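A.B. asks: Got a structure for you, entry.txt, holding compact mmCIF, C-alpha atoms and all ligand atoms.
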# COMPACT_ATOMS: atom_id res chain seq x y z
CA MET X 477 -17.16 -31.19 -53.41
CA ARG X 478 -19.27 -28.45 -51.93
CA THR X 479 -21.83 -29.21 -49.28
CA ALA X 480 -24.31 -26.41 -50.02
CA VAL X 481 -26.42 -26.44 -53.16
CA ARG X 482 -26.33 -23.11 -54.94
CA GLY X 483 -29.16 -21.80 -57.01
CA ALA X 484 -29.71 -18.62 -59.02
CA ARG X 485 -27.35 -15.66 -58.45
CA GLY X 486 -25.29 -17.49 -55.88
CA GLN X 487 -28.21 -17.88 -53.50
CA SER X 488 -27.79 -20.98 -51.38
CA ALA X 489 -30.63 -23.44 -51.29
CA THR X 490 -30.14 -23.55 -47.52
CA ALA X 491 -30.38 -19.76 -47.14
CA SER X 492 -33.05 -18.37 -44.87
CA ALA X 493 -33.87 -15.10 -43.19
CA THR X 494 -33.00 -16.66 -39.86
CA GLU X 495 -29.49 -17.74 -40.84
CA PRO X 496 -26.73 -16.18 -38.75
CA ALA X 497 -24.65 -13.33 -40.19
CA ILE X 498 -21.68 -15.66 -40.78
CA VAL X 499 -21.78 -19.37 -41.53
CA PHE X 500 -18.77 -21.57 -42.25
CA ASP X 501 -20.25 -24.80 -43.56
CA ARG X 502 -17.70 -27.64 -43.50
CA VAL X 503 -15.03 -25.42 -45.01
CA GLY X 504 -11.71 -26.92 -46.06
CA VAL X 505 -8.68 -25.02 -47.37
CA THR X 506 -5.59 -26.64 -48.83
CA TYR X 507 -2.55 -24.63 -49.87
CA GLY X 508 -0.33 -25.87 -52.69
CA ARG X 509 -0.77 -28.87 -54.90
CA GLY X 510 0.37 -32.46 -55.21
CA ARG X 511 2.95 -33.62 -52.70
CA GLY X 512 3.49 -30.10 -51.35
CA ALA X 513 -0.21 -29.64 -50.53
CA GLY X 514 -1.04 -28.92 -46.89
CA ALA X 515 -4.45 -28.72 -45.23
CA ALA X 516 -4.74 -25.38 -43.40
CA LEU X 517 -8.44 -25.77 -42.57
CA VAL X 518 -10.32 -29.06 -42.20
CA ASP X 519 -14.10 -29.49 -41.94
CA PHE X 520 -14.50 -26.07 -40.31
CA ASN X 521 -18.01 -25.28 -39.03
CA LEU X 522 -18.80 -22.02 -37.25
CA ARG X 523 -21.77 -19.66 -36.99
CA VAL X 524 -21.67 -16.06 -35.82
CA ALA X 525 -24.92 -14.20 -35.10
CA ARG X 526 -25.66 -10.55 -35.85
CA GLY X 527 -24.21 -8.43 -33.06
CA GLU X 528 -22.03 -11.26 -31.80
CA THR X 529 -18.24 -11.26 -31.47
CA VAL X 530 -16.46 -14.58 -31.80
CA ALA X 531 -12.72 -14.83 -31.19
CA LEU X 532 -10.74 -17.40 -33.12
CA LEU X 533 -8.03 -18.40 -30.70
CA GLY X 534 -5.20 -20.84 -31.24
CA PRO X 535 -1.46 -21.30 -31.56
CA SER X 536 0.54 -20.04 -34.50
CA GLY X 537 -0.21 -21.98 -37.69
CA SER X 538 -3.48 -23.46 -36.42
CA GLY X 539 -5.46 -21.96 -39.31
CA LYS X 540 -7.06 -18.86 -37.78
CA SER X 541 -6.06 -16.42 -40.53
CA THR X 542 -6.92 -18.97 -43.18
CA ALA X 543 -10.49 -19.14 -41.84
CA LEU X 544 -10.74 -15.35 -42.01
CA LYS X 545 -9.30 -15.27 -45.52
CA ALA X 546 -11.78 -17.90 -46.69
CA LEU X 547 -14.61 -15.72 -45.38
CA ALA X 548 -13.19 -12.50 -46.85
CA GLY X 549 -12.56 -14.17 -50.21
CA PHE X 550 -8.76 -13.98 -50.18
CA VAL X 551 -8.40 -17.77 -50.40
CA ARG X 552 -10.74 -20.17 -52.12
CA PRO X 553 -12.06 -23.10 -50.08
CA SER X 554 -11.34 -26.52 -51.53
CA ALA X 555 -14.46 -27.84 -49.76
CA GLY X 556 -17.61 -26.49 -48.13
CA ALA X 557 -19.22 -23.06 -48.34
CA VAL X 558 -19.24 -19.69 -46.61
CA ARG X 559 -22.52 -17.80 -46.23
CA LEU X 560 -23.25 -14.24 -45.16
CA ASP X 561 -26.79 -13.49 -44.02
CA GLY X 562 -27.89 -16.73 -45.68
CA ARG X 563 -26.28 -15.88 -49.02
CA ASP X 564 -23.63 -18.22 -50.36
CA VAL X 565 -20.61 -16.02 -51.12
CA THR X 566 -18.07 -18.80 -51.65
CA ASP X 567 -17.48 -17.76 -55.26
CA LEU X 568 -17.86 -13.98 -54.88
CA PRO X 569 -14.79 -11.71 -55.19
CA PRO X 570 -13.76 -9.98 -51.90
CA ALA X 571 -15.06 -6.50 -52.87
CA LYS X 572 -18.56 -7.89 -53.45
CA ARG X 573 -18.90 -9.46 -50.01
CA GLY X 574 -19.37 -6.19 -48.11
CA ILE X 575 -17.00 -7.26 -45.35
CA GLY X 576 -14.76 -4.88 -43.39
CA VAL X 577 -11.28 -6.28 -42.80
CA VAL X 578 -8.59 -5.04 -40.40
CA VAL X 579 -5.18 -6.72 -40.38
CA GLN X 580 -2.20 -6.56 -38.05
CA SER X 581 0.01 -4.52 -40.40
CA TYR X 582 -2.53 -1.64 -40.88
CA ALA X 583 -2.04 -1.88 -44.68
CA LEU X 584 -2.56 1.87 -45.20
CA PHE X 585 -1.36 3.53 -48.42
CA PRO X 586 1.67 5.57 -47.27
CA HIS X 587 1.33 8.29 -49.95
CA MET X 588 -2.36 8.95 -49.23
CA ARG X 589 -3.61 11.19 -46.45
CA VAL X 590 -5.73 9.63 -43.70
CA ALA X 591 -9.05 10.81 -45.20
CA GLU X 592 -8.03 9.54 -48.64
CA ASN X 593 -7.12 6.15 -47.18
CA VAL X 594 -10.58 5.88 -45.64
CA ALA X 595 -12.27 7.12 -48.83
CA PHE X 596 -10.38 4.58 -50.95
CA GLY X 597 -12.46 1.66 -49.74
CA LEU X 598 -15.68 3.60 -50.33
CA ARG X 599 -14.72 4.23 -53.96
CA ALA X 600 -13.83 0.56 -54.37
CA HIS X 601 -17.35 -0.23 -53.10
CA ARG X 602 -18.83 2.32 -55.55
CA VAL X 603 -20.36 4.53 -52.87
CA PRO X 604 -21.82 7.65 -54.58
CA ARG X 605 -19.35 10.58 -54.63
CA ALA X 606 -21.68 12.90 -52.73
CA GLN X 607 -21.74 10.56 -49.75
CA ILE X 608 -18.02 9.93 -49.45
CA ALA X 609 -16.94 12.98 -47.37
CA GLY X 610 -19.72 12.39 -44.81
CA ARG X 611 -18.93 8.67 -44.50
CA VAL X 612 -15.22 9.40 -44.06
CA SER X 613 -15.85 11.92 -41.32
CA ASP X 614 -18.32 9.57 -39.53
CA ALA X 615 -15.82 6.70 -39.63
CA LEU X 616 -12.92 8.83 -38.38
CA ALA X 617 -15.13 10.18 -35.57
CA MET X 618 -15.96 6.61 -34.46
CA VAL X 619 -12.30 5.90 -33.80
CA GLY X 620 -11.46 9.34 -32.37
CA MET X 621 -9.35 10.38 -35.36
CA SER X 622 -11.37 13.34 -36.72
CA ALA X 623 -8.47 15.74 -36.22
CA TYR X 624 -6.03 13.68 -38.28
CA GLY X 625 -7.69 13.54 -41.73
CA THR X 626 -4.94 15.50 -43.48
CA ARG X 627 -1.97 13.61 -42.00
CA LEU X 628 0.03 10.97 -43.87
CA PRO X 629 0.20 7.50 -42.24
CA GLY X 630 3.94 8.02 -41.60
CA GLU X 631 3.03 10.99 -39.38
CA LEU X 632 0.95 8.80 -37.05
CA SER X 633 1.79 6.43 -34.19
CA GLY X 634 1.13 2.70 -34.57
CA GLY X 635 -2.06 2.93 -32.51
CA GLN X 636 -3.33 5.86 -34.58
CA GLN X 637 -2.58 4.01 -37.81
CA GLN X 638 -4.55 1.03 -36.58
CA ARG X 639 -7.47 3.34 -35.70
CA VAL X 640 -7.40 4.65 -39.30
CA ALA X 641 -7.35 1.07 -40.59
CA ILE X 642 -10.41 0.34 -38.44
CA ALA X 643 -12.12 3.52 -39.71
CA ARG X 644 -11.45 2.42 -43.29
CA ALA X 645 -13.07 -0.96 -42.58
CA LEU X 646 -16.06 0.69 -40.86
CA ALA X 647 -16.64 3.32 -43.55
CA ILE X 648 -18.31 0.80 -45.84
CA ARG X 649 -20.77 0.10 -42.98
CA PRO X 650 -20.13 -3.61 -43.08
CA LYS X 651 -22.48 -6.12 -41.49
CA VAL X 652 -19.45 -8.26 -40.88
CA LEU X 653 -16.14 -7.04 -39.50
CA LEU X 654 -13.07 -9.27 -39.54
CA LEU X 655 -10.11 -8.37 -37.36
CA ASP X 656 -6.89 -10.35 -37.80
CA GLU X 657 -4.60 -9.76 -34.80
CA PRO X 658 -5.33 -6.00 -34.98
CA LEU X 659 -3.34 -5.23 -31.84
CA ALA X 660 -0.36 -7.51 -32.40
CA ALA X 661 1.95 -4.75 -33.66
CA LEU X 662 1.27 -2.46 -30.67
CA ASP X 663 3.11 -2.34 -27.37
CA ALA X 664 1.52 -3.82 -24.22
CA GLN X 665 0.24 -0.50 -22.80
CA LEU X 666 -1.31 0.63 -26.07
CA ARG X 667 -2.85 -2.80 -26.53
CA ARG X 668 -4.65 -2.44 -23.22
CA SER X 669 -6.10 0.96 -24.11
CA MET X 670 -7.07 -0.25 -27.61
CA ILE X 671 -8.96 -3.17 -26.03
CA THR X 672 -11.08 -0.61 -24.15
CA GLU X 673 -11.65 1.32 -27.38
CA LEU X 674 -12.62 -1.83 -29.25
CA GLN X 675 -15.12 -2.63 -26.47
CA GLN X 676 -16.68 0.83 -26.96
CA LEU X 677 -16.72 0.34 -30.72
CA ARG X 678 -18.36 -3.04 -30.22
CA ALA X 679 -21.15 -1.37 -28.22
CA ALA X 680 -21.60 1.26 -30.95
CA LEU X 681 -22.14 -1.41 -33.62
CA PRO X 682 -24.90 -3.60 -32.14
CA ASP X 683 -25.85 -5.24 -35.45
CA THR X 684 -22.38 -6.05 -36.71
CA ALA X 685 -21.03 -9.59 -36.51
CA MET X 686 -17.35 -9.68 -35.62
CA LEU X 687 -14.76 -12.38 -36.06
CA TYR X 688 -11.60 -11.58 -34.17
CA VAL X 689 -8.42 -13.59 -34.72
CA THR X 690 -5.90 -13.63 -31.91
CA HIS X 691 -3.46 -15.88 -30.13
CA ASP X 692 -3.78 -13.72 -27.02
CA GLN X 693 -6.29 -15.22 -24.58
CA SER X 694 -6.73 -11.97 -22.63
CA GLU X 695 -7.88 -10.15 -25.81
CA ALA X 696 -10.27 -12.99 -26.57
CA LEU X 697 -11.72 -12.96 -23.04
CA ALA X 698 -12.08 -9.16 -23.02
CA LEU X 699 -13.74 -8.79 -26.41
CA ALA X 700 -15.57 -11.95 -27.38
CA ASP X 701 -19.00 -13.35 -26.55
CA ARG X 702 -17.80 -16.78 -27.63
CA ILE X 703 -14.38 -18.24 -28.28
CA ALA X 704 -13.57 -20.80 -30.95
CA VAL X 705 -10.35 -22.64 -30.11
CA MET X 706 -8.33 -23.95 -33.06
CA ARG X 707 -5.59 -26.52 -33.24
CA ASP X 708 -3.90 -28.14 -36.25
CA ALA X 709 -6.35 -26.74 -38.84
CA ARG X 710 -9.41 -27.82 -36.85
CA LEU X 711 -11.90 -26.24 -34.50
CA VAL X 712 -11.51 -28.09 -31.20
CA ASP X 713 -13.84 -26.26 -28.79
CA VAL X 714 -16.36 -23.46 -29.12
CA ASP X 715 -18.46 -21.97 -26.34
CA THR X 716 -19.12 -18.78 -24.40
CA THR X 717 -16.03 -17.22 -22.84
CA GLU X 718 -17.38 -17.98 -19.37
CA ASN X 719 -18.09 -21.65 -20.06
CA LEU X 720 -14.71 -22.25 -21.68
CA TRP X 721 -12.97 -20.56 -18.77
CA LYS X 722 -14.92 -22.16 -15.94
CA ARG X 723 -15.55 -25.57 -17.47
CA PRO X 724 -12.85 -26.24 -20.07
CA PRO X 725 -13.98 -29.13 -22.28
CA SER X 726 -10.42 -30.25 -23.04
CA SER X 727 -6.98 -30.02 -21.47
CA PHE X 728 -5.76 -28.16 -24.58
CA THR X 729 -8.33 -25.40 -24.11
CA ALA X 730 -7.69 -25.27 -20.36
CA GLU X 731 -3.99 -24.76 -20.99
CA PHE X 732 -4.39 -22.32 -23.85
CA LEU X 733 -6.99 -20.23 -22.05
CA GLY X 734 -5.26 -19.13 -18.89
CA GLY X 735 -2.14 -21.23 -18.54
CA ALA X 736 -3.83 -23.82 -16.32
CA ASN X 737 -1.84 -26.23 -14.19
CA LEU X 738 -2.95 -29.72 -15.23
CA LEU X 739 -2.29 -32.36 -12.61
CA PRO X 740 -2.66 -36.12 -12.90
CA CYS X 741 -5.27 -37.32 -10.42
CA THR X 742 -7.40 -40.31 -9.47
CA VAL X 743 -11.15 -39.84 -9.09
CA THR X 744 -12.62 -41.75 -6.16
CA ARG X 745 -16.22 -40.58 -6.20
CA VAL X 746 -18.47 -38.03 -7.95
CA ILE X 747 -21.70 -36.78 -6.39
CA GLY X 748 -23.47 -34.33 -8.67
CA THR X 749 -20.75 -31.91 -9.67
CA SER X 750 -18.59 -32.50 -6.62
CA ALA X 751 -15.70 -34.95 -6.96
CA LEU X 752 -13.40 -36.55 -4.44
CA VAL X 753 -10.01 -36.98 -6.09
CA THR X 754 -6.51 -37.91 -5.03
CA VAL X 755 -3.70 -35.71 -6.26
CA GLY X 756 -0.10 -36.55 -5.36
CA GLY X 757 -1.47 -39.06 -2.86
CA VAL X 758 -3.58 -36.43 -1.06
CA PRO X 759 -7.43 -36.38 -1.15
CA VAL X 760 -9.07 -33.11 -2.31
CA THR X 761 -12.51 -32.08 -3.46
CA ALA X 762 -12.90 -30.71 -6.97
CA TYR X 763 -15.57 -29.47 -9.35
CA ALA X 764 -16.68 -32.08 -11.90
CA PRO X 765 -18.70 -30.20 -14.53
CA GLN X 766 -21.28 -32.39 -16.26
CA PRO X 767 -21.39 -33.56 -18.97
CA VAL X 768 -17.83 -32.33 -19.60
CA VAL X 769 -16.42 -34.99 -17.33
CA ALA X 770 -18.61 -37.92 -18.16
CA ARG X 771 -18.98 -40.75 -15.70
CA THR X 772 -17.14 -43.12 -18.06
CA ASP X 773 -14.13 -40.77 -18.06
CA TRP X 774 -13.51 -41.07 -14.37
CA GLU X 775 -14.81 -44.59 -13.86
CA SER X 776 -12.32 -45.90 -16.40
CA GLN X 777 -9.77 -43.33 -15.18
CA ALA X 778 -9.29 -42.54 -18.89
CA GLY X 779 -7.14 -39.51 -18.41
CA VAL X 780 -9.02 -37.03 -16.23
CA LEU X 781 -6.81 -34.14 -15.14
CA LEU X 782 -7.19 -31.63 -12.34
CA CYS X 783 -7.09 -28.06 -13.70
CA LEU X 784 -5.79 -25.52 -11.19
CA ARG X 785 -5.52 -21.95 -12.40
CA PRO X 786 -2.58 -19.95 -11.01
CA HIS X 787 -4.84 -17.24 -9.53
CA ALA X 788 -7.17 -19.78 -7.84
CA VAL X 789 -4.49 -21.11 -5.49
CA THR X 790 -3.58 -19.45 -2.18
CA LEU X 791 -0.26 -20.00 -0.43
CA THR X 792 -0.54 -20.50 3.33
CA SER X 793 1.79 -21.38 6.18
CA PRO X 794 2.97 -24.99 6.19
CA GLY X 795 0.83 -27.30 8.29
CA GLU X 796 -2.23 -24.99 8.22
CA ARG X 797 -5.38 -27.04 8.69
CA GLY X 798 -6.85 -28.19 5.35
CA ALA X 799 -3.87 -26.99 3.30
CA LEU X 800 -1.79 -29.34 1.14
CA PRO X 801 1.94 -29.36 1.94
CA ALA X 802 4.12 -27.94 -0.84
CA ARG X 803 7.58 -26.49 -1.46
CA ILE X 804 8.61 -23.40 -3.46
CA VAL X 805 10.86 -24.33 -6.41
CA ALA X 806 10.94 -20.98 -8.29
CA SER X 807 9.72 -17.42 -7.84
CA VAL X 808 9.52 -14.55 -10.32
CA TRP X 809 8.37 -11.08 -9.27
CA ARG X 810 6.27 -9.41 -11.98
CA GLY X 811 5.54 -6.06 -10.34
CA ALA X 812 1.88 -6.30 -9.32
CA SER X 813 2.18 -10.03 -8.58
CA THR X 814 4.69 -12.83 -8.09
CA ARG X 815 4.59 -16.07 -10.06
CA VAL X 816 5.56 -18.67 -7.45
CA THR X 817 6.16 -22.22 -8.65
CA ILE X 818 5.63 -25.01 -6.14
CA THR X 819 5.61 -28.81 -6.14
CA LEU X 820 3.67 -31.30 -4.00
CA PRO X 821 5.71 -34.06 -2.27
CA GLY X 822 3.76 -36.76 -4.16
CA LEU X 823 4.20 -35.01 -7.53
CA PRO X 824 7.77 -33.69 -7.54
CA GLN X 825 7.98 -33.68 -11.37
CA THR X 826 4.83 -31.55 -11.84
CA PRO X 827 5.49 -27.85 -11.17
CA ILE X 828 2.41 -25.84 -10.20
CA ASP X 829 2.32 -22.09 -10.92
CA VAL X 830 0.63 -19.85 -8.36
CA ASP X 831 0.02 -16.09 -8.72
CA VAL X 832 0.51 -14.23 -5.45
CA ALA X 833 -0.50 -10.56 -5.21
CA GLY X 834 2.39 -8.14 -4.63
CA HIS X 835 6.02 -9.07 -4.08
CA ASP X 836 6.31 -12.50 -2.45
CA GLU X 837 9.80 -12.72 -0.98
CA ARG X 838 9.75 -16.28 0.32
CA PRO X 839 12.93 -17.95 -0.96
CA VAL X 840 13.13 -21.06 -3.11
CA GLY X 841 13.04 -24.15 -0.89
CA THR X 842 10.50 -22.69 1.58
CA GLU X 843 7.88 -25.18 2.83
CA VAL X 844 4.36 -23.77 2.37
CA GLY X 845 0.76 -24.95 2.28
CA ILE X 846 -1.66 -24.50 -0.62
CA ARG X 847 -5.43 -24.10 -0.66
CA PHE X 848 -7.98 -23.69 -3.39
CA PRO X 849 -11.79 -23.54 -3.42
CA GLU X 850 -13.64 -26.52 -4.87
CA ARG X 851 -14.70 -24.43 -7.89
CA GLY X 852 -11.05 -23.43 -8.43
CA ALA X 853 -10.06 -27.06 -9.01
CA VAL X 854 -11.87 -28.31 -12.11
CA LEU X 855 -11.71 -31.78 -13.63
CA VAL X 856 -11.06 -31.78 -17.37
CA PRO X 857 -10.81 -34.64 -19.84
CA GLY X 858 -7.14 -35.37 -20.52
CA PRO X 859 -5.62 -35.66 -24.01
CA GLY X 860 -6.43 -39.39 -24.07
CA ALA X 861 -10.13 -38.97 -23.27
CA VAL X 862 -12.60 -39.94 -25.99
CA SER X 863 -15.00 -37.10 -26.75
N1 LIG X 901 -0.20 -18.81 -48.72
C1 LIG X 901 0.15 -19.95 -48.10
N2 LIG X 901 0.75 -20.96 -48.77
C2 LIG X 901 1.06 -22.12 -48.16
N3 LIG X 901 0.82 -22.38 -46.86
C3 LIG X 901 0.23 -21.42 -46.13
C4 LIG X 901 -0.13 -20.15 -46.72
N4 LIG X 901 -0.70 -19.39 -45.74
C5 LIG X 901 -0.69 -20.14 -44.62
N5 LIG X 901 -0.13 -21.34 -44.85
C6 LIG X 901 0.02 -22.45 -43.88
O1 LIG X 901 -1.28 -22.79 -43.40
C7 LIG X 901 -1.25 -23.06 -42.00
C8 LIG X 901 -2.23 -22.14 -41.26
O2 LIG X 901 -1.77 -20.79 -41.40
P1 LIG X 901 -2.58 -19.57 -40.78
O3 LIG X 901 -1.89 -18.32 -41.21
O4 LIG X 901 -4.00 -19.71 -41.12
O5 LIG X 901 -2.36 -19.83 -39.23
P2 LIG X 901 -2.65 -18.86 -38.00
O6 LIG X 901 -3.32 -19.71 -36.97
O7 LIG X 901 -3.36 -17.64 -38.44
O8 LIG X 901 -1.16 -18.53 -37.53
P3 LIG X 901 -0.55 -17.16 -36.89
O9 LIG X 901 -1.13 -17.04 -35.51
O10 LIG X 901 0.93 -17.48 -36.86
O11 LIG X 901 -0.91 -16.05 -37.81
C9 LIG X 901 0.19 -22.90 -41.56
O12 LIG X 901 0.80 -24.16 -41.55
C10 LIG X 901 0.80 -22.04 -42.65
O13 LIG X 901 2.18 -22.31 -42.81
Write out the structure in this file as structure tokens.
Ligand SMILES: Nc1ncnc2c1ncn2[C@@H]1O[C@H](COP(=O)(O)OP(=O)(O)OP(=O)(O)O)[C@@H](O)[C@H]1O

C.D. replies:
Amino acid sequence: MRTAVRGARGQSATASATEPAIVFDRVGVTYGRGRGAGAALVDFNLRVARGETVALLGPSGSGKSTALKALAGFVRPSAGAVRLDGRDVTDLPPAKRGIGVVVQSYALFPHMRVAENVAFGLRAHRVPRAQIAGRVSDALAMVGMSAYGTRLPGELSGGQQQRVAIARALAIRPKVLLLDEPLAALDAQLRRSMITELQQLRAALPDTAMLYVTHDQSEALALADRIAVMRDARLVDVDTTENLWKRPPSSFTAEFLGGANLLPCTVTRVIGTSALVTVGGVPVTAYAPQPVVARTDWESQAGVLLCLRPHAVTLTSPGERGALPARIVASVWRGASTRVTITLPGLPQTPIDVDVAGHDERPVGTEVGIRFPERGAVLVPGPGAVS
């Protein structure tokens, strides 16, 4: 059953001029039928404003692409509604939604030249013939591909093909741009430079709402205003990139966004946002964001964890005043930094990853000390906490 009431010409009764560019209203998607049916999206609610970029972040199979497809019209929701600028488009075919879509595999027509590939979408959207050449050249200029209009896709690199795919999506001047893992097929170096280009493109399209699907947290942090974290077909957390990073509302989000170390701890006292906790038998002070870590969470000790990000920890000499004693159990040099894994004597089964700048050559077994600022040690509700 749908939640929105639709009136004449697909106009939602809830539509208003102030509605965000994109609204998912309790959307559900089920693939297959009968016993084989599987829910890929459950009670999915999300709003994206004009000019805003939201990243859908989550592990493989969590339903990110399904959400995008429901918005683009490639799968039909079994429940709920999708609205664009206040208009219910749940039953509209994809070509009538005016959405630009970019997918991982470029999806260019191999026998058509670059300019023809870009023009194809314009014809499908019935843009008048006289306007097509100008729109194609504007779109190619936006992605720095003006000089390549007469090439075939096979004569381009992966990054150039993806730029053409983006140009094709932009040519229809969409108010909504959907990007489904657009950089996943590119190598690490090209991905980094494409992130910079996408940031520039973002700035050049101040009125466009963007939904960006990725399982790469660094892309999400670099490009999004807000991040929506998905797990098992559901939206688990949504907030600004900064809030989710600094004050993760769940251990899942803390781990997914930045590979946090999550340590069992006991909270002794909280004053304001400052907490005294015991970790591995040692007292430390930590940041207790409110209301993320509600008083009941720590008073009942219902699974509060200490989130330590690898870059927030500093290795010191053993016995240095104020440092916790630790021992190195593994060390991997990564070029610009070394990922050193340590354990605390009171928590020998809980490895803690620490990123040290440069090449740290201390051997496994070395006794060290660790320090972290109060704001670098954040309490988060554990998996058992009731939200
Ligand atoms: N056409 C389909 N028919 C049946 N099941 C599907 C179909 N497409 C996706 N699924 C299933 O729906 C679930 C969500 O898939 P979806 O592609 O949305 O996940 P995702 O988060 O985008 O994953 P990835 O990061 O691997 O692309 C998965 O369990 C997947 O196997």

A.B. asks: Quick one: residues within 12 Å of His601 (chain X), all atoms listed in the file, excluding same-chain residues fewer than 4 positions away - as a list in words?

C.D. replies: Pro569, Pro570, Ala571, Lys572, Arg573, Gly574, Ile575, Gly576, Val594, Ala595, Phe596, Gly597, Arg605, Ile608, Arg644, Ala645, Ala647, Ile648, Arg649 and Pro650 of chain X

A.B. asks: For ligand LIG 901 (chain X), which residue out of X:Arg639, X:Val769, X:Arg710, X:Pro586 is the nearest one, using all atoms listed in the file?

C.D. replies: X:Arg710

A.B. asks: Enumerate as a VMD selection string the residues within 9 Å of ligand LIG 901 (chain X), counting all atoms listed in the file.

C.D. replies: chain X and resid 505 to 508 512 to 517 532 to 545 551 656 to 657 689 to 691 706 to 709

A.B. asks: Would you mind reading off the distance between CA of Leu655 (chain X) and CA of Leu699 (chain X), one decimal, in Å?

C.D. replies: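 Calculated distance between CA of Leu655 (chain X) and CA of Leu699 (chain X) is 11.5 Å.
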
A.B. asks: Using only C-alpha atoms, find all polymer residues with an atom at most 7 Å away from the point (4.0, -24.8, -5.7); report them as a ChimeraX atom specification.

C.D. replies: /X:802-805,816-820,827-830

A.B. asks: Restricting the calculation to only C-alpha atoms, which member of X:Met670, X:Leu687, X:Ile642, X:Val768 is positioned closest to Val499 (chain X)?

C.D. replies: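 The shortest atom-to-atom distance to Val499 (chain X) comes from X:Leu687.
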
A.B. asks: Within 12 Å of Ala680 (chain X), counting all atoms listed in the file, which residues show up once you throw out same-chain ones fewer than 3 positions away? Write them as a count of residues only, please.

C.D. replies: 13

A.B. asks: Could you pull the residues within 9 Å of region 846-861 of chain X, counting only C-alpha atoms, minus those fewer than 4 positions along the same chain, as a PyMOL selection string?

C.D. replies: chain X and resi 722-728+730+738+740+750-751+760-765+768-770+773-774+778-785+787-794+796+798-802

A.B. asks: So which one's closest to Gly756 (chain X), X:Gln825, X:Gln607, X:Gln665, X:Ser807? Using all atoms listed in the file, please.

C.D. replies: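 Closest to Gly756 (chain X) of all the choices is X:Gln825.
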
A.B. asks: Give the answer as one residue: which of X:Gly635, X:Ala685, X:Asp564, X:Thr716 has the shortest atom-to-atom distance to Asp663 (chain X), using all atoms listed in the file?

C.D. replies: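 Of the candidates, the smallest distance to Asp663 (chain X) is held by X:Gly635.
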
A.B. asks: As an exercise, work out the distance from CA of Gly556 (chain X) to CA of Ile703 (chain X) in Å and give it to one decimal place.

C.D. replies: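 Rounded to one decimal, the two atoms are 21.7 Å apart.
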